[in-house]
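Undergrad: Got a file for you: final_8.cif, mmCIF, N, CA and C atoms.
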```
data_upload
#
loop_
_atom_site.label_atom_id
_atom_site.label_comp_id
_atom_site.auth_asym_id
_atom_site.auth_seq_id
_atom_site.Cartn_x
_atom_site.Cartn_y
_atom_site.Cartn_z
N MET A 746 -13.17 5.86 18.80
CA MET A 746 -12.45 6.05 17.56
C MET A 746 -13.16 7.16 16.77
N PRO A 747 -12.40 8.10 16.26
CA PRO A 747 -13.01 9.18 15.48
C PRO A 747 -13.73 8.64 14.25
N ALA A 748 -14.88 9.22 13.95
CA ALA A 748 -15.72 8.74 12.85
C ALA A 748 -15.07 8.92 11.48
N ASP A 749 -14.08 9.80 11.37
CA ASP A 749 -13.46 10.04 10.07
C ASP A 749 -12.26 9.12 9.81
N LYS A 750 -11.93 8.25 10.73
CA LYS A 750 -10.79 7.35 10.57
C LYS A 750 -11.22 6.04 9.92
N ALA A 751 -10.38 5.52 9.06
CA ALA A 751 -10.63 4.22 8.44
C ALA A 751 -10.33 3.12 9.45
N VAL A 752 -11.06 2.04 9.35
CA VAL A 752 -10.86 0.88 10.21
C VAL A 752 -10.47 -0.29 9.32
N HIS A 753 -9.29 -0.85 9.56
CA HIS A 753 -8.82 -1.99 8.78
C HIS A 753 -8.81 -3.21 9.70
N VAL A 754 -9.56 -4.22 9.32
CA VAL A 754 -9.64 -5.46 10.08
C VAL A 754 -8.93 -6.52 9.25
N ILE A 755 -7.89 -7.09 9.83
CA ILE A 755 -7.11 -8.09 9.11
C ILE A 755 -7.78 -9.45 9.28
N LEU A 756 -8.15 -10.04 8.16
CA LEU A 756 -8.78 -11.35 8.16
C LEU A 756 -7.86 -12.36 7.49
N VAL A 757 -7.85 -13.55 8.02
CA VAL A 757 -7.04 -14.59 7.40
C VAL A 757 -7.87 -15.36 6.38
N ASN A 758 -9.14 -15.49 6.62
CA ASN A 758 -9.99 -16.26 5.72
C ASN A 758 -10.55 -15.35 4.63
N TYR A 759 -9.94 -15.40 3.47
CA TYR A 759 -10.31 -14.54 2.35
C TYR A 759 -11.75 -14.73 1.91
N ALA A 760 -12.28 -15.95 1.99
CA ALA A 760 -13.62 -16.25 1.48
C ALA A 760 -14.71 -15.45 2.17
N THR A 761 -14.51 -15.05 3.42
CA THR A 761 -15.56 -14.34 4.14
C THR A 761 -15.91 -13.02 3.50
N GLN A 762 -14.98 -12.35 2.83
CA GLN A 762 -15.30 -11.08 2.21
C GLN A 762 -15.97 -11.23 0.87
N GLN A 763 -16.07 -12.42 0.37
CA GLN A 763 -16.64 -12.63 -0.96
C GLN A 763 -18.13 -12.99 -0.90
N LEU A 764 -18.66 -13.18 0.29
CA LEU A 764 -20.07 -13.53 0.42
C LEU A 764 -20.92 -12.28 0.18
N PRO A 765 -22.06 -12.43 -0.49
CA PRO A 765 -22.89 -11.26 -0.82
C PRO A 765 -23.28 -10.40 0.37
N LYS A 766 -23.65 -11.02 1.48
CA LYS A 766 -24.04 -10.23 2.67
C LYS A 766 -22.89 -9.37 3.17
N GLU A 767 -21.70 -9.96 3.22
CA GLU A 767 -20.54 -9.22 3.71
C GLU A 767 -20.17 -8.10 2.75
N ARG A 768 -20.23 -8.35 1.47
CA ARG A 768 -19.91 -7.32 0.48
C ARG A 768 -20.91 -6.17 0.57
N ALA A 769 -22.18 -6.50 0.75
CA ALA A 769 -23.21 -5.45 0.89
C ALA A 769 -22.96 -4.63 2.15
N TRP A 770 -22.57 -5.30 3.24
CA TRP A 770 -22.28 -4.57 4.48
C TRP A 770 -21.12 -3.60 4.26
N LEU A 771 -20.08 -4.06 3.57
CA LEU A 771 -18.92 -3.21 3.31
C LEU A 771 -19.29 -2.00 2.46
N VAL A 772 -20.20 -2.18 1.51
CA VAL A 772 -20.64 -1.05 0.69
C VAL A 772 -21.35 -0.02 1.57
N ARG A 773 -22.15 -0.48 2.52
CA ARG A 773 -22.87 0.44 3.42
C ARG A 773 -21.97 1.07 4.46
N HIS A 774 -20.80 0.51 4.69
CA HIS A 774 -19.87 0.99 5.73
C HIS A 774 -18.50 1.25 5.10
N PRO A 775 -18.37 2.32 4.33
CA PRO A 775 -17.15 2.53 3.54
C PRO A 775 -15.88 2.77 4.35
N ARG A 776 -15.98 3.13 5.62
CA ARG A 776 -14.75 3.36 6.37
C ARG A 776 -14.09 2.05 6.82
N TRP A 777 -14.81 0.96 6.69
CA TRP A 777 -14.29 -0.35 7.08
C TRP A 777 -13.66 -1.03 5.88
N ALA A 778 -12.50 -1.62 6.08
CA ALA A 778 -11.81 -2.38 5.03
C ALA A 778 -11.30 -3.69 5.63
N PHE A 779 -11.36 -4.72 4.86
CA PHE A 779 -10.90 -6.04 5.27
C PHE A 779 -9.82 -6.50 4.31
N PRO A 780 -8.58 -6.11 4.54
CA PRO A 780 -7.49 -6.50 3.63
C PRO A 780 -7.32 -8.02 3.58
N PHE A 781 -6.99 -8.49 2.42
CA PHE A 781 -6.75 -9.91 2.19
C PHE A 781 -5.39 -10.31 2.74
N VAL A 782 -5.38 -11.33 3.57
CA VAL A 782 -4.12 -11.91 4.05
C VAL A 782 -4.19 -13.40 3.72
N PRO A 783 -3.37 -13.87 2.82
CA PRO A 783 -3.44 -15.29 2.46
C PRO A 783 -3.11 -16.19 3.65
N THR A 784 -3.80 -17.32 3.72
CA THR A 784 -3.58 -18.25 4.83
C THR A 784 -2.18 -18.84 4.82
N SER A 785 -1.47 -18.69 3.73
CA SER A 785 -0.13 -19.27 3.64
C SER A 785 0.97 -18.31 4.06
N CYS A 786 0.61 -17.17 4.65
CA CYS A 786 1.64 -16.22 5.09
C CYS A 786 2.57 -16.90 6.09
N PRO A 787 3.86 -16.90 5.86
CA PRO A 787 4.76 -17.61 6.75
C PRO A 787 4.83 -17.00 8.15
N TRP A 788 4.55 -15.70 8.28
CA TRP A 788 4.62 -15.08 9.59
C TRP A 788 3.34 -15.27 10.38
N HIS A 789 2.30 -15.77 9.71
CA HIS A 789 1.00 -15.89 10.37
C HIS A 789 1.05 -16.84 11.56
N ASN A 790 1.74 -17.97 11.43
CA ASN A 790 1.78 -18.94 12.52
C ASN A 790 2.40 -18.37 13.78
N ALA A 791 3.44 -17.57 13.65
CA ALA A 791 4.06 -16.98 14.83
C ALA A 791 3.11 -16.01 15.53
N ILE A 792 2.43 -15.21 14.75
CA ILE A 792 1.49 -14.26 15.32
C ILE A 792 0.31 -14.98 15.95
N GLU A 793 -0.20 -15.97 15.24
CA GLU A 793 -1.33 -16.74 15.75
C GLU A 793 -0.98 -17.42 17.07
N GLY A 794 0.23 -17.97 17.16
CA GLY A 794 0.66 -18.60 18.41
C GLY A 794 0.73 -17.63 19.56
N PHE A 795 1.23 -16.42 19.29
CA PHE A 795 1.31 -15.40 20.34
C PHE A 795 -0.08 -15.03 20.85
N PHE A 796 -1.02 -14.79 19.93
CA PHE A 796 -2.36 -14.41 20.34
C PHE A 796 -3.10 -15.56 21.02
N ALA A 797 -2.82 -16.79 20.62
CA ALA A 797 -3.44 -17.94 21.28
C ALA A 797 -2.96 -18.02 22.73
N LYS A 798 -1.66 -17.81 22.94
CA LYS A 798 -1.11 -17.84 24.29
C LYS A 798 -1.69 -16.70 25.14
N LEU A 799 -1.76 -15.51 24.56
CA LEU A 799 -2.36 -14.36 25.25
C LEU A 799 -3.80 -14.67 25.63
N SER A 800 -4.56 -15.21 24.72
CA SER A 800 -5.96 -15.53 24.98
C SER A 800 -6.11 -16.56 26.10
N ARG A 801 -5.31 -17.63 26.03
CA ARG A 801 -5.39 -18.69 27.05
C ARG A 801 -4.98 -18.18 28.42
N ARG A 802 -3.90 -17.42 28.47
CA ARG A 802 -3.33 -17.05 29.78
C ARG A 802 -3.95 -15.81 30.42
N ARG A 803 -4.46 -14.88 29.60
CA ARG A 803 -4.94 -13.62 30.18
C ARG A 803 -6.36 -13.23 29.84
N LEU A 804 -6.87 -13.66 28.71
CA LEU A 804 -8.15 -13.13 28.26
C LEU A 804 -9.32 -14.10 28.41
N LYS A 805 -9.02 -15.39 28.39
CA LYS A 805 -10.09 -16.38 28.46
C LYS A 805 -10.91 -16.19 29.73
N ASN A 806 -12.20 -16.17 29.57
CA ASN A 806 -13.16 -16.00 30.67
C ASN A 806 -13.05 -14.64 31.36
N GLY A 807 -12.31 -13.72 30.77
CA GLY A 807 -12.18 -12.39 31.35
C GLY A 807 -13.39 -11.53 31.03
N VAL A 808 -13.66 -10.58 31.89
CA VAL A 808 -14.72 -9.60 31.66
C VAL A 808 -14.04 -8.24 31.67
N PHE A 809 -14.14 -7.54 30.55
CA PHE A 809 -13.46 -6.26 30.40
C PHE A 809 -14.51 -5.19 30.15
N GLN A 810 -14.62 -4.27 31.08
CA GLN A 810 -15.64 -3.23 31.00
C GLN A 810 -15.20 -2.06 30.14
N SER A 811 -13.91 -1.99 29.83
CA SER A 811 -13.40 -0.86 29.06
C SER A 811 -12.10 -1.25 28.37
N VAL A 812 -11.64 -0.39 27.50
CA VAL A 812 -10.35 -0.61 26.85
C VAL A 812 -9.24 -0.60 27.91
N VAL A 813 -9.37 0.24 28.91
CA VAL A 813 -8.37 0.31 29.98
C VAL A 813 -8.29 -1.03 30.71
N ASP A 814 -9.44 -1.65 30.98
CA ASP A 814 -9.44 -2.97 31.62
C ASP A 814 -8.74 -4.01 30.75
N LEU A 815 -9.02 -3.96 29.46
CA LEU A 815 -8.39 -4.90 28.53
C LEU A 815 -6.88 -4.68 28.49
N GLN A 816 -6.47 -3.42 28.44
CA GLN A 816 -5.04 -3.10 28.45
C GLN A 816 -4.38 -3.56 29.74
N ALA A 817 -5.10 -3.47 30.85
CA ALA A 817 -4.55 -3.90 32.14
C ALA A 817 -4.29 -5.41 32.16
N ALA A 818 -5.00 -6.16 31.33
CA ALA A 818 -4.75 -7.60 31.23
C ALA A 818 -3.64 -7.90 30.22
N ILE A 819 -3.61 -7.16 29.13
CA ILE A 819 -2.68 -7.44 28.05
C ILE A 819 -1.26 -6.95 28.35
N ASN A 820 -1.12 -5.74 28.84
CA ASN A 820 0.21 -5.14 29.02
C ASN A 820 1.14 -5.94 29.93
N PRO A 821 0.68 -6.43 31.09
CA PRO A 821 1.60 -7.26 31.90
C PRO A 821 2.02 -8.55 31.19
N PHE A 822 1.10 -9.13 30.41
CA PHE A 822 1.46 -10.33 29.67
C PHE A 822 2.57 -10.04 28.68
N ILE A 823 2.46 -8.94 27.95
CA ILE A 823 3.49 -8.57 26.98
C ILE A 823 4.82 -8.31 27.68
N LYS A 824 4.76 -7.63 28.81
CA LYS A 824 6.00 -7.35 29.57
C LYS A 824 6.67 -8.66 30.01
N GLU A 825 5.88 -9.59 30.53
CA GLU A 825 6.43 -10.89 30.95
C GLU A 825 6.96 -11.67 29.74
N HIS A 826 6.21 -11.66 28.68
CA HIS A 826 6.61 -12.39 27.46
C HIS A 826 7.94 -11.85 26.93
N ASN A 827 8.12 -10.56 27.00
CA ASN A 827 9.33 -9.94 26.46
C ASN A 827 10.55 -10.06 27.37
N GLN A 828 10.37 -10.56 28.59
CA GLN A 828 11.52 -10.74 29.49
C GLN A 828 12.44 -11.85 29.00
N GLU A 829 11.89 -12.83 28.31
CA GLU A 829 12.70 -13.91 27.76
C GLU A 829 12.38 -14.07 26.27
N PRO A 830 12.74 -13.08 25.48
CA PRO A 830 12.40 -13.16 24.05
C PRO A 830 13.18 -14.26 23.34
N ARG A 831 12.51 -14.90 22.42
CA ARG A 831 13.16 -15.89 21.57
C ARG A 831 12.84 -15.54 20.14
N PRO A 832 13.84 -15.49 19.29
CA PRO A 832 13.56 -15.16 17.89
C PRO A 832 12.78 -16.28 17.22
N PHE A 833 11.94 -15.86 16.31
CA PHE A 833 11.20 -16.84 15.51
C PHE A 833 12.15 -17.41 14.47
N ALA A 834 12.22 -18.71 14.39
CA ALA A 834 13.11 -19.37 13.43
C ALA A 834 12.34 -19.65 12.15
N TRP A 835 12.75 -18.99 11.07
CA TRP A 835 12.10 -19.19 9.78
C TRP A 835 12.59 -20.51 9.20
N ARG A 836 11.67 -21.42 8.98
CA ARG A 836 12.05 -22.72 8.44
C ARG A 836 11.44 -22.97 7.06
N ALA A 837 10.62 -22.05 6.60
CA ALA A 837 9.97 -22.24 5.30
C ALA A 837 10.99 -22.08 4.17
N ASP A 838 10.79 -22.86 3.16
CA ASP A 838 11.63 -22.77 1.98
C ASP A 838 11.28 -21.47 1.24
N PRO A 839 12.26 -20.64 0.92
CA PRO A 839 11.97 -19.37 0.23
C PRO A 839 11.16 -19.57 -1.05
N ARG A 840 11.37 -20.68 -1.75
CA ARG A 840 10.61 -20.93 -2.97
C ARG A 840 9.13 -21.10 -2.68
N ASP A 841 8.82 -21.73 -1.53
CA ASP A 841 7.41 -21.88 -1.13
C ASP A 841 6.79 -20.52 -0.81
N ILE A 842 7.56 -19.65 -0.16
CA ILE A 842 7.07 -18.32 0.18
C ILE A 842 6.80 -17.52 -1.09
N ILE A 843 7.73 -17.56 -2.02
CA ILE A 843 7.56 -16.82 -3.27
C ILE A 843 6.34 -17.35 -4.03
N ALA A 844 6.15 -18.67 -4.04
CA ALA A 844 4.99 -19.25 -4.72
C ALA A 844 3.69 -18.79 -4.05
N ALA A 845 3.68 -18.72 -2.73
CA ALA A 845 2.49 -18.27 -2.01
C ALA A 845 2.19 -16.81 -2.32
N VAL A 846 3.22 -15.99 -2.39
CA VAL A 846 3.04 -14.57 -2.73
C VAL A 846 2.45 -14.45 -4.14
N ARG A 847 2.97 -15.23 -5.05
CA ARG A 847 2.45 -15.20 -6.43
C ARG A 847 0.98 -15.60 -6.48
N ARG A 848 0.62 -16.64 -5.70
CA ARG A 848 -0.79 -17.06 -5.66
C ARG A 848 -1.65 -15.93 -5.08
N GLY A 849 -1.15 -15.27 -4.05
CA GLY A 849 -1.89 -14.16 -3.46
C GLY A 849 -2.09 -13.02 -4.45
N HIS A 850 -1.03 -12.68 -5.17
CA HIS A 850 -1.14 -11.63 -6.19
C HIS A 850 -2.14 -12.00 -7.27
N GLN A 851 -2.10 -13.27 -7.69
CA GLN A 851 -3.04 -13.72 -8.71
C GLN A 851 -4.48 -13.59 -8.21
N THR A 852 -4.71 -13.95 -6.97
CA THR A 852 -6.05 -13.83 -6.39
C THR A 852 -6.48 -12.37 -6.32
N LEU A 853 -5.57 -11.50 -5.88
CA LEU A 853 -5.89 -10.08 -5.79
C LEU A 853 -6.22 -9.50 -7.16
N ARG A 854 -5.50 -9.92 -8.18
CA ARG A 854 -5.77 -9.42 -9.54
C ARG A 854 -7.14 -9.86 -10.03
N SER A 855 -7.68 -10.95 -9.49
CA SER A 855 -8.98 -11.45 -9.93
C SER A 855 -10.14 -10.70 -9.29
N ILE A 856 -9.88 -9.86 -8.28
CA ILE A 856 -10.94 -9.11 -7.60
C ILE A 856 -11.23 -7.85 -8.39
N PRO A 857 -12.51 -7.57 -8.68
CA PRO A 857 -12.83 -6.32 -9.37
C PRO A 857 -12.37 -5.12 -8.54
N ARG A 858 -11.80 -4.13 -9.18
CA ARG A 858 -11.24 -2.96 -8.49
C ARG A 858 -12.30 -2.14 -7.76
N LYS A 859 -13.56 -2.32 -8.07
CA LYS A 859 -14.60 -1.58 -7.38
C LYS A 859 -15.04 -2.32 -6.12
N SER A 860 -14.33 -3.38 -5.79
CA SER A 860 -14.65 -4.16 -4.61
C SER A 860 -14.47 -3.33 -3.35
N PRO A 861 -15.36 -3.47 -2.36
CA PRO A 861 -15.23 -2.71 -1.11
C PRO A 861 -13.92 -2.96 -0.37
N CYS A 862 -13.27 -4.09 -0.60
CA CYS A 862 -12.04 -4.36 0.14
C CYS A 862 -10.88 -3.50 -0.36
N PHE A 863 -11.07 -2.76 -1.45
CA PHE A 863 -10.04 -1.87 -1.95
C PHE A 863 -10.29 -0.42 -1.56
N ASN A 864 -11.38 -0.15 -0.84
CA ASN A 864 -11.69 1.23 -0.44
C ASN A 864 -10.82 1.69 0.69
#
```
Please, can you express the file's structure as structure tokens?
TA:
Amino acid sequence: MPADKAVHVILVNYATQQLPKERAWLVRHPRWAFPFVPTSCPWHNAIEGFFAKLSRRRLKNGVFQSVVDLQAAINPFIKEHNQEPRPFAWRADPRDIIAAVRRGHQTLRSIPRKSPCFN
């Protein structure tokens, strides 16, 4: 990865970026950012399920010597998975989603703007 590119790591557990050690690390490594993703995101469960299945079926106990090796394990899984696609059925109440978004916004507003997670 080119040294001038920003690296964004999506974390579900917001509390991990608030610990002093992690905040200090982020200050020393300005190209890294850890955007806040609230645990109540309705799409999170679908994504988490997909990655859990990928991990169980293709990656668990695997040894990957390079990105190419990792891609060689992942790409066939995605191709097979997409042969019988099923839409994700949204069952969450829209009011619950809106309330979760509001809680997320409130939390974001409470973070000082000089926080490393906003760099």
Undergrad: Could you state the separation of CA of Pro775 in chain A and CA of Val752 in chain A in Å, given to one decimal place?
TA: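 So the two atoms, CA of Pro775 in chain A and CA of Val752 in chain A, lie 9.3 Å apart.
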Undergrad: Please report the interatomic distance between atom N of Leu771 in chain A and atom N of Ser800 in chain A in Å with one decimal.
TA: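 Separation between atom N of Leu771 in chain A and atom N of Ser800 in chain A: 28.5 Å.
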Undergrad: Given 6 Å of margin on each side, can you work out the centre and size in Å (one decimal) of an axis-aligned box holding every listed atom of range 767-780 of chain A, as AutoDock Vina command-line options?
TA:
```
--center_x -15.3 --center_y -3.3 --center_z 3.8 --size_x 27.9 --size_y 25.3 --size_z 18.6
```
Undergrad: Interatomic distance between atom C of Pro780 in chain A and atom N of Pro857 in chain A?
TA: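 Straight-line distance from atom C of Pro780 in chain A to atom N of Pro857 in chain A works out to 13.3 Å.
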Undergrad: Using DSSP on the backbone coordinates, identify the residues of range 811-845 of chain A assigned to alpha helix (DSSP H); present them as a list of chain:residue names.
TA: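 DSSP on the backbone gives alpha helix (DSSP H) at A:Val812, A:Val813, A:Asp814, A:Leu815, A:Gln816, A:Ala817, A:Ala818, A:Ile819, A:Asn820, A:Pro821, A:Phe822, A:Ile823, A:Lys824, A:Glu825, A:His826, A:Asn827, A:Gln828, A:Pro839, A:Arg840, A:Asp841, A:Ile842, A:Ile843, A:Ala844, A:Ala845.
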Undergrad: Which of these, A:Leu799, A:Arg840, A:Trp835, A:Arg848, has the shortest distance to Ile823 in chain A once you count all atoms listed in the file?
TA: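 Once distances to Ile823 in chain A are computed over all atoms listed in the file, the minimum belongs to A:Leu799.
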Undergrad: Pick out the closest residue to Ala751 in chain A from this set: A:Gln828, A:Ala778, A:Val772, A:Asp814. Count all atoms listed in the file.
TA: A:Ala778
